[in-house]
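Take a look at the structure below.
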Amino acid sequence: MSAPSSTAPLKFYQVGSFAVGNRLLDAEHRSVQSDAERSNSLTSGHRACLGCGEALGARYAIDAAMRATNNQLVAVNATGCLEVFSTPYPETSWQIPWLHSLFGNAPAVATGVAAAMKAKGRTDIRVVSQGGDGATADIGVGCLSGMFERNDDVLYICYDNEAYMNTGVQRSGATPPAVRTSTTQIVGEHPGNVFGQGKNVPRIAMAHEIPYVATATVADLRDLEAKVTRAMEFRGARYLHVFVPCPLGWGSASCDTLKIARLATQSGLFPVFEAEHGQVVASTPIRQHVPVEDYLKTQKRYAHLFSKKGRDDITINRLQAMADRNIERYGLLPKKDETP
Ligand SMILES: Cc1ncc(C[n+]2csc(CCOP(=O)(O)OP(=O)(O)O)c2C)c(N)n1
Ligand code: SF4
Ligand SMILES: [Mg+2]
């Protein structure tokens, strides 16, 4: 085979793909993680489980926030897995100024840090507050709502693993229906978590009409970095909700964390979108639509829906209806009468 002519243009097929460390792009378009000078905000040595989505999400999110702020960042953490696995006293895996106070008050502490920076004239120093879904949707929701209402200059990041993982997988207000947790056991006529409205925190945040609300998953880490970067372009209260599978609590394989996050978006169960001042401004279309059962079957917390006694079609259909409603609400698929 002859060598390509020196005038033939080279084709780099990876450019524009979802590959994370894409060094073939121009420097300004490369991912944060591909930068050898990245901050490694959450560095090695922490004690998260193998395949922990929360550890992965936090690493990408905080490194992106560091780059967006020229490394002028303070992080405040709620109690939960992220705090516990990263800071077993006297050790820490954080390489940034980082505070922990209580389970429920991270947004209020972050508000205080932002106010202190303003009082000192250091508006170049930005503040991130972060916590799990329990800290966000349940115990901290009052402080969070106050932070939104006052439009404090804080980016709040919720790492949603859909239960209180740190204390043994108890149900939270963000636990989806039918899920088995230690407090929603597989007993009775309707096993697992009850069907209800739950707490949809991105929509609660949007109702406050804060400057920026977005969702992301660890399946698309370039998108997660982009959302954090975009959030840092705004002043005022911002909210980012990141879907982070938890192998221990979900009964899933550690190697399946990204696959499960992708199936959550491709089924429509977890919509990925951005909203500004209460209005949805963009959503990520589903590339390959799958039925919800493709997602459910990857996790033991849903195993009772596919037991030896037979499939629980009624429950699976109700979960499918939830996914279909998201698809409709956020325009995740072309409408049937639209040409693709
Ligand atoms: C007032 C109070 N109640 C309960 C606890 C115990 N506690 C610590 S972390 C946690 C669960 C955290 O769940 P979540 O916020 O979803 O974070 P995850 O561990 O799932 O990442 C609980 C119940 C506490 N620290 N303080
Ligand atoms: S229990 Fe879940 S959230 Fe906590 S460290 Fe393990 S995988 Fe991560
Ligand atoms: Mg949680």
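Residues in the structure tokens are numbered from 1 in each chain, the chains being A, B, ... in the order shown, and ligands are numbered from 1 in the order shown.
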Shell of 8 Å around ligand 2 (only C-alpha atoms and all ligand atoms), written as a PyMOL selection string: chain A and resi 47-55+80-82+85+161+165-166+168-169+244-249
So that I have them on file, write out the residues from the current selection with C-alpha atoms, as a PDB file, in the first residue's frame.
```
ATOM      1  CA  ARG A  47     -12.611   5.851  49.586  1.00  0.00           C
ATOM      2  CA  ALA A  48     -15.524   5.841  47.173  1.00  0.00           C
ATOM      3  CA  CYS A  49     -16.761   2.444  45.993  1.00  0.00           C
ATOM      4  CA  LEU A  50     -15.486   1.141  42.675  1.00  0.00           C
ATOM      5  CA  GLY A  51     -17.570   2.657  39.887  1.00  0.00           C
ATOM      6  CA  CYS A  52     -19.048   5.426  42.072  1.00  0.00           C
ATOM      7  CA  GLY A  53     -20.851   7.882  39.798  1.00  0.00           C
ATOM      8  CA  GLU A  54     -20.767  10.585  42.438  1.00  0.00           C
ATOM      9  CA  ALA A  55     -16.948  10.558  42.684  1.00  0.00           C
ATOM     10  CA  GLY A  80     -23.149  12.452  52.532  1.00  0.00           C
ATOM     11  CA  CYS A  81     -21.047   9.946  50.637  1.00  0.00           C
ATOM     12  CA  LEU A  82     -19.069  12.613  48.796  1.00  0.00           C
ATOM     13  CA  PHE A  85     -15.401   9.189  51.304  1.00  0.00           C
ATOM     14  CA  ASN A 161     -27.965   8.784  43.311  1.00  0.00           C
ATOM     15  CA  MET A 165     -26.486   6.111  50.303  1.00  0.00           C
ATOM     16  CA  ASN A 166     -24.082   7.160  53.020  1.00  0.00           C
ATOM     17  CA  GLY A 168     -27.422   2.583  54.131  1.00  0.00           C
ATOM     18  CA  VAL A 169     -29.634   3.251  51.102  1.00  0.00           C
ATOM     19  CA  VAL A 244     -24.845   9.590  39.281  1.00  0.00           C
ATOM     20  CA  PRO A 245     -25.439   5.818  39.481  1.00  0.00           C
ATOM     21  CA  CYS A 246     -24.409   4.151  42.750  1.00  0.00           C
ATOM     22  CA  PRO A 247     -23.326   0.504  42.265  1.00  0.00           C
ATOM     23  CA  LEU A 248     -23.706  -0.298  45.972  1.00  0.00           C
ATOM     24  CA  GLY A 249     -27.185   1.146  46.434  1.00  0.00           C
TER      25      GLY A 249
END
```
Pull the closest atom pair for each residue of chain A that gets at most 7 Å from ligand 1, along with the distance in Å to one decimal, counting only C-alpha atoms and all ligand atoms, ordering rows by chain and then ascending residue number, as a tab-separated table.
```
residue	atom	partner	partner_atom_place_in_ligand_line	distance
A:Glu54	CA	ligand 1	21 (O)	7.0
A:Thr79	CA	ligand 1	9 (S)	4.8
A:Gly80	CA	ligand 1	19 (O)	3.7
A:Cys81	CA	ligand 1	19 (O)	3.7
A:Leu82	CA	ligand 1	21 (O)	5.7
A:Leu102	CA	ligand 1	26 (N)	6.5
A:Phe103	CA	ligand 1	26 (N)	4.9
A:Gly104	CA	ligand 1	1 (C)	6.7
A:Gly131	CA	ligand 1	15 (O)	5.8
A:Gly132	CA	ligand 1	15 (O)	3.5
A:Asp133	CA	ligand 1	16 (O)	4.0
A:Gly134	CA	ligand 1	15 (O)	3.4
A:Ala135	CA	ligand 1	15 (O)	3.8
A:Thr136	CA	ligand 1	15 (O)	6.5
A:Tyr159	CA	ligand 1	21 (O)	6.8
A:Asp160	CA	ligand 1	16 (O)	6.8
A:Asn161	CA	ligand 1	20 (O)	5.8
A:Glu162	CA	ligand 1	16 (O)	6.6
A:Ala163	CA	ligand 1	16 (O)	5.0
A:Tyr164	CA	ligand 1	13 (O)	3.4
A:Met165	CA	ligand 1	20 (O)	3.7
A:Asn166	CA	ligand 1	19 (O)	3.6
A:Thr167	CA	ligand 1	10 (C)	5.3
A:Ser172	CA	ligand 1	16 (O)	6.8
```
Please provide the set of residues having any atom within 12 Å of A:Phe234, restricted to only C-alpha atoms, with same-chain residues fewer than 5 positions apart removed, written as a short mmCIF file (atom, residue, chain, number, x, y, z; two decimals) with C-alpha atoms, in the first residue's frame.
```
data_model
loop_
_atom_site.label_atom_id
_atom_site.label_comp_id
_atom_site.auth_asym_id
_atom_site.auth_seq_id
_atom_site.Cartn_x
_atom_site.Cartn_y
_atom_site.Cartn_z
CA ALA A 68 -13.86 28.49 34.63
CA THR A 69 -12.85 30.56 37.66
CA ARG A 126 -16.60 32.02 43.29
CA ASN A 151 -30.32 34.95 44.16
CA ASP A 152 -27.08 34.42 46.07
CA ASP A 153 -24.02 34.07 43.87
CA VAL A 154 -23.58 30.31 44.32
CA LEU A 155 -23.62 27.33 41.97
CA ILE A 210 -33.05 31.68 38.95
CA PRO A 211 -30.61 32.55 36.14
CA TYR A 212 -29.54 29.00 35.25
CA VAL A 213 -30.73 25.43 35.87
CA LYS A 227 -22.82 22.89 31.83
CA VAL A 228 -20.53 23.82 34.73
CA THR A 229 -18.62 26.20 32.49
CA TYR A 239 -28.45 24.85 40.00
CA GLU A 276 -32.65 30.12 31.99
CA HIS A 277 -34.83 32.29 34.23
#
```
All residues 10 Å or closer to A:Gly251, only C-alpha atoms, same chain fewer than 5 positions away omitted, as a VMD selection string: chain A and resid 180 245 to 246 298 to 303
Could those selected residues go to a file with N, CA and C atoms, as an mmCIF file, in the first residue's frame?
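See out.cif below for the written result:
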```
data_model
loop_
_atom_site.group_PDB
_atom_site.id
_atom_site.type_symbol
_atom_site.label_atom_id
_atom_site.label_comp_id
_atom_site.auth_asym_id
_atom_site.auth_seq_id
_atom_site.Cartn_x
_atom_site.Cartn_y
_atom_site.Cartn_z
ATOM 1 N N ARG A 180 -36.504 -0.464 45.135
ATOM 2 C CA ARG A 180 -36.265 -1.095 46.427
ATOM 3 C C ARG A 180 -35.127 -0.355 47.133
ATOM 4 N N PRO A 245 -25.142 7.162 38.987
ATOM 5 C CA PRO A 245 -25.439 5.818 39.481
ATOM 6 C C PRO A 245 -24.538 5.424 40.652
ATOM 7 N N CYS A 246 -25.107 4.607 41.534
ATOM 8 C CA CYS A 246 -24.409 4.151 42.750
ATOM 9 C C CYS A 246 -24.430 2.623 42.750
ATOM 10 N N THR A 298 -30.795 -3.443 34.468
ATOM 11 C CA THR A 298 -29.367 -3.373 34.828
ATOM 12 C C THR A 298 -29.155 -3.284 36.337
ATOM 13 N N GLN A 299 -30.270 -3.176 37.107
ATOM 14 C CA GLN A 299 -30.127 -2.869 38.541
ATOM 15 C C GLN A 299 -30.986 -3.787 39.410
ATOM 16 N N LYS A 300 -30.368 -4.308 40.485
ATOM 17 C CA LYS A 300 -31.096 -5.218 41.371
ATOM 18 C C LYS A 300 -32.213 -4.492 42.125
ATOM 19 N N ARG A 301 -32.134 -3.186 42.254
ATOM 20 C CA ARG A 301 -33.191 -2.467 42.983
ATOM 21 C C ARG A 301 -34.532 -2.543 42.236
ATOM 22 N N TYR A 302 -34.487 -2.948 40.969
ATOM 23 C CA TYR A 302 -35.716 -3.145 40.195
ATOM 24 C C TYR A 302 -35.966 -4.633 39.900
ATOM 25 N N ALA A 303 -35.161 -5.535 40.509
ATOM 26 C CA ALA A 303 -35.227 -6.956 40.134
ATOM 27 C C ALA A 303 -36.621 -7.539 40.356
#
```
Counting only C-alpha atoms and all ligand atoms, the residue of A:Val32, A:Cys143, A:Ala64, A:Val242 that sits nearest ligand 3: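 Nearest candidate to ligand 3 out of A:Val32, A:Cys143, A:Ala64, A:Val242: A:Val242.
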Those in stretch 29-227 of chain A with alpha helix (DSSP H) from DSSP, as a PyMOL selection string: chain A and resi 53-68+81-86+106-119+133+141-150+201-207+221-227
Write a file of the just-selected residues containing C-alpha atoms, as a short mmCIF file (atom, residue, chain, number, x, y, z; two decimals), in the first residue's frame.
```cif
data_model
loop_
_atom_site.label_atom_id
_atom_site.label_comp_id
_atom_site.auth_asym_id
_atom_site.auth_seq_id
_atom_site.Cartn_x
_atom_site.Cartn_y
_atom_site.Cartn_z
CA GLY A 53 -20.85 7.88 39.80
CA GLU A 54 -20.77 10.59 42.44
CA ALA A 55 -16.95 10.56 42.68
CA LEU A 56 -16.67 10.74 38.90
CA GLY A 57 -19.25 13.51 38.57
CA ALA A 58 -17.69 15.60 41.35
CA ARG A 59 -14.22 15.30 39.90
CA TYR A 60 -15.35 16.51 36.46
CA ALA A 61 -17.67 19.20 37.79
CA ILE A 62 -15.24 20.77 40.25
CA ASP A 63 -12.28 20.64 37.86
CA ALA A 64 -14.46 22.41 35.27
CA ALA A 65 -15.50 25.02 37.85
CA MET A 66 -11.85 25.52 38.75
CA ARG A 67 -10.91 26.15 35.14
CA ALA A 68 -13.86 28.49 34.63
CA CYS A 81 -21.05 9.95 50.64
CA LEU A 82 -19.07 12.61 48.80
CA GLU A 83 -18.06 14.27 52.05
CA VAL A 84 -17.42 11.03 53.93
CA PHE A 85 -15.40 9.19 51.30
CA SER A 86 -13.27 12.24 50.51
CA ALA A 106 -24.65 23.63 52.73
CA PRO A 107 -26.57 26.25 50.68
CA ALA A 108 -26.69 28.61 53.71
CA VAL A 109 -22.98 28.13 54.43
CA ALA A 110 -22.20 28.79 50.76
CA THR A 111 -24.31 31.94 50.91
CA GLY A 112 -22.20 33.06 53.87
CA VAL A 113 -18.95 32.36 52.03
CA ALA A 114 -20.17 34.31 48.99
CA ALA A 115 -21.24 37.21 51.24
CA ALA A 116 -17.85 37.20 52.97
CA MET A 117 -16.04 37.30 49.63
CA LYS A 118 -18.24 40.20 48.52
CA ALA A 119 -17.54 42.07 51.79
CA ASP A 133 -30.15 14.13 46.63
CA VAL A 141 -34.37 22.13 50.58
CA GLY A 142 -35.36 25.08 52.81
CA CYS A 143 -31.84 26.54 52.79
CA LEU A 144 -31.62 25.89 49.04
CA SER A 145 -34.90 27.64 48.35
CA GLY A 146 -33.71 30.63 50.40
CA MET A 147 -30.47 30.72 48.44
CA PHE A 148 -32.48 30.69 45.20
CA GLU A 149 -34.92 33.33 46.40
CA ARG A 150 -32.14 35.71 47.43
CA VAL A 201 -35.57 19.49 42.18
CA PRO A 202 -34.61 20.90 38.75
CA ARG A 203 -38.24 21.93 38.29
CA ILE A 204 -38.40 23.30 41.85
CA ALA A 205 -35.28 25.36 41.02
CA MET A 206 -36.87 26.56 37.76
CA ALA A 207 -39.93 27.69 39.67
CA LEU A 221 -18.80 14.10 30.73
CA ARG A 222 -18.11 16.70 28.04
CA ASP A 223 -21.66 17.91 28.50
CA LEU A 224 -21.20 18.00 32.28
CA GLU A 225 -18.07 20.12 31.91
CA ALA A 226 -19.88 22.41 29.46
CA LYS A 227 -22.82 22.89 31.83
#
```
Two-atom distance - atom CA of A:Phe195, atom CA of A:Met322 (Å): 10.6 Å
Every residue of stretch 222-273 of chain A that DSSP places in strand (DSSP E or B), as a PyMOL selection string: chain A and resi 238-243+273
Option closest in space to ligand 3, from A:Ala137, A:Ala36, A:Leu333, A:Ile286 [counting only C-alpha atoms and all ligand atoms]: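 Checking each candidate against ligand 3, we get A:Ala137 as the closest.
For the choices A:Val74, A:Cys158, A:Leu24, A:Val127, the atom-to-atom distance to ligand 3 is smallest for A:Cys158 when using only C-alpha atoms and all ligand atoms.
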Long-range neighbours of A:Gln266 as a list in words, 12 Å cut-off, only C-alpha atoms, 4 positions minimum in chain: Thr217, Ala219, Asp220, Lys259, Ile260, Ala261, Arg262, Phe270, Pro271, Val272, Thr284, Pro285, Ile286, Arg287, Gln288, His289, Val290, Pro291, Val292, Glu293, Asp294, Tyr295, Ala323, Asp324, Asn326, Ile327, Leu332 and Leu333 of chain A
Selection above as a file: N, CA and C atoms, as a CSV table (one decimal), in the first residue's frame:
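File again00.csv, as written:
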```
chain,number,residue,atom,x,y,z
A,217,THR,N,-25.4,14.1,33.2
A,217,THR,CA,-25.2,12.8,33.7
A,217,THR,C,-23.7,12.4,33.5
A,219,ALA,N,-22.7,10.0,32.0
A,219,ALA,CA,-22.6,9.3,30.7
A,219,ALA,C,-22.0,10.3,29.7
A,220,ASP,N,-22.2,11.6,29.8
A,220,ASP,CA,-21.7,12.5,28.9
A,220,ASP,C,-20.9,13.6,29.7
A,259,LYS,N,-22.9,3.1,31.4
A,259,LYS,CA,-23.9,2.5,30.6
A,259,LYS,C,-25.3,2.8,31.2
A,260,ILE,N,-25.4,2.6,32.5
A,260,ILE,CA,-26.7,2.8,33.2
A,260,ILE,C,-27.1,4.3,33.0
A,261,ALA,N,-26.2,5.2,33.2
A,261,ALA,CA,-26.5,6.6,33.1
A,261,ALA,C,-27.0,6.9,31.6
A,262,ARG,N,-26.3,6.3,30.7
A,262,ARG,CA,-26.7,6.5,29.3
A,262,ARG,C,-28.1,5.9,29.0
A,270,PHE,N,-34.4,10.1,32.5
A,270,PHE,CA,-33.7,11.3,33.0
A,270,PHE,C,-33.4,12.2,31.9
A,271,PRO,N,-34.2,13.3,31.8
A,271,PRO,CA,-34.1,14.3,30.7
A,271,PRO,C,-32.9,15.2,30.9
A,272,VAL,N,-32.1,15.5,29.9
A,272,VAL,CA,-31.0,16.4,30.0
A,272,VAL,C,-31.3,17.7,29.3
A,284,THR,N,-31.1,17.9,25.3
A,284,THR,CA,-30.3,16.9,24.5
A,284,THR,C,-31.2,15.9,23.9
A,285,PRO,N,-31.3,15.8,22.6
A,285,PRO,CA,-32.1,14.8,22.0
A,285,PRO,C,-31.7,13.3,22.3
A,286,ILE,N,-32.6,12.4,22.4
A,286,ILE,CA,-32.2,11.0,22.6
A,286,ILE,C,-31.7,10.5,21.2
A,287,ARG,N,-30.5,9.9,21.3
A,287,ARG,CA,-29.8,9.4,20.1
A,287,ARG,C,-30.4,8.1,19.7
A,288,GLN,N,-30.6,7.2,20.7
A,288,GLN,CA,-31.0,5.9,20.4
A,288,GLN,C,-32.1,5.5,21.4
A,289,HIS,N,-33.3,5.6,21.1
A,289,HIS,CA,-34.4,5.4,22.0
A,289,HIS,C,-34.5,4.0,22.5
A,290,VAL,N,-34.6,3.8,23.8
A,290,VAL,CA,-34.7,2.4,24.3
A,290,VAL,C,-35.9,2.3,25.3
A,291,PRO,N,-36.6,1.2,25.4
A,291,PRO,CA,-37.6,1.0,26.4
A,291,PRO,C,-37.1,1.1,27.8
A,292,VAL,N,-37.9,1.5,28.8
A,292,VAL,CA,-37.4,1.7,30.1
A,292,VAL,C,-36.8,0.3,30.7
A,293,GLU,N,-37.4,-0.8,30.2
A,293,GLU,CA,-36.9,-2.0,30.8
A,293,GLU,C,-35.4,-2.3,30.5
A,294,ASP,N,-34.9,-1.7,29.4
A,294,ASP,CA,-33.4,-1.9,29.2
A,294,ASP,C,-32.6,-1.3,30.3
A,295,TYR,N,-33.2,-0.2,30.8
A,295,TYR,CA,-32.5,0.5,32.0
A,295,TYR,C,-32.8,-0.2,33.3
A,323,ALA,N,-41.3,8.1,31.5
A,323,ALA,CA,-40.3,8.4,30.5
A,323,ALA,C,-40.9,9.1,29.3
A,324,ASP,N,-42.1,8.6,28.9
A,324,ASP,CA,-42.8,9.2,27.7
A,324,ASP,C,-43.2,10.6,28.0
A,326,ASN,N,-41.6,12.7,30.0
A,326,ASN,CA,-40.3,13.5,29.9
A,326,ASN,C,-40.0,13.8,28.4
A,327,ILE,N,-40.2,12.8,27.6
A,327,ILE,CA,-39.8,13.0,26.2
A,327,ILE,C,-40.7,14.0,25.6
A,332,LEU,N,-37.6,15.5,23.5
A,332,LEU,CA,-36.4,14.7,23.4
A,332,LEU,C,-36.3,13.8,22.2
A,333,LEU,N,-37.5,13.7,21.5
A,333,LEU,CA,-37.5,12.9,20.2
A,333,LEU,C,-38.3,13.7,19.2
```
Between atom CA of A:Gly236 and atom CA of A:Ser129 - distance in Å to one decimal: 13.0 Å
From A:His241, A:His100, A:Arg230, A:His190, residue lying nearest ligand 3 [only C-alpha atoms and all ligand atoms]: A:His241
Selection: 6 Å around A:Leu240, only C-alpha atoms, excl. self and same-chain fewer than 5 positions, as a VMD selection string: chain A and resid 157 213 to 215
Atomic separation - atom CA of A:Glu209 relative to atom CA of A:Ala275, Å: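 Distance reported for this atom pair: 9.0 Å.
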Counting only C-alpha atoms and all ligand atoms, the option among A:Glu37, A:Asp124, A:Asp138, A:Asp256 closest to ligand 3: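 Between A:Glu37, A:Asp124, A:Asp138, A:Asp256, the residue approaching ligand 3 most closely is A:Asp138.
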Nearby residues (only C-alpha atoms) at most 8 Å from stretch 90-98 of chain A, same-chain spacing under 3 positions excluded, as a list in words: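 Here the answer would be Ser39, Asn40, Ser41, Leu42, Thr43, Ser44, Gly45, His46, Leu73, Val74, Ala75, Val76, Asn77, Ser86 and Thr87 of chain A.
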Top pick for closest residue to A:Met232, considering A:Val128, A:Asp313, A:Gly198, A:Ala264 and counting only C-alpha atoms: A:Val128
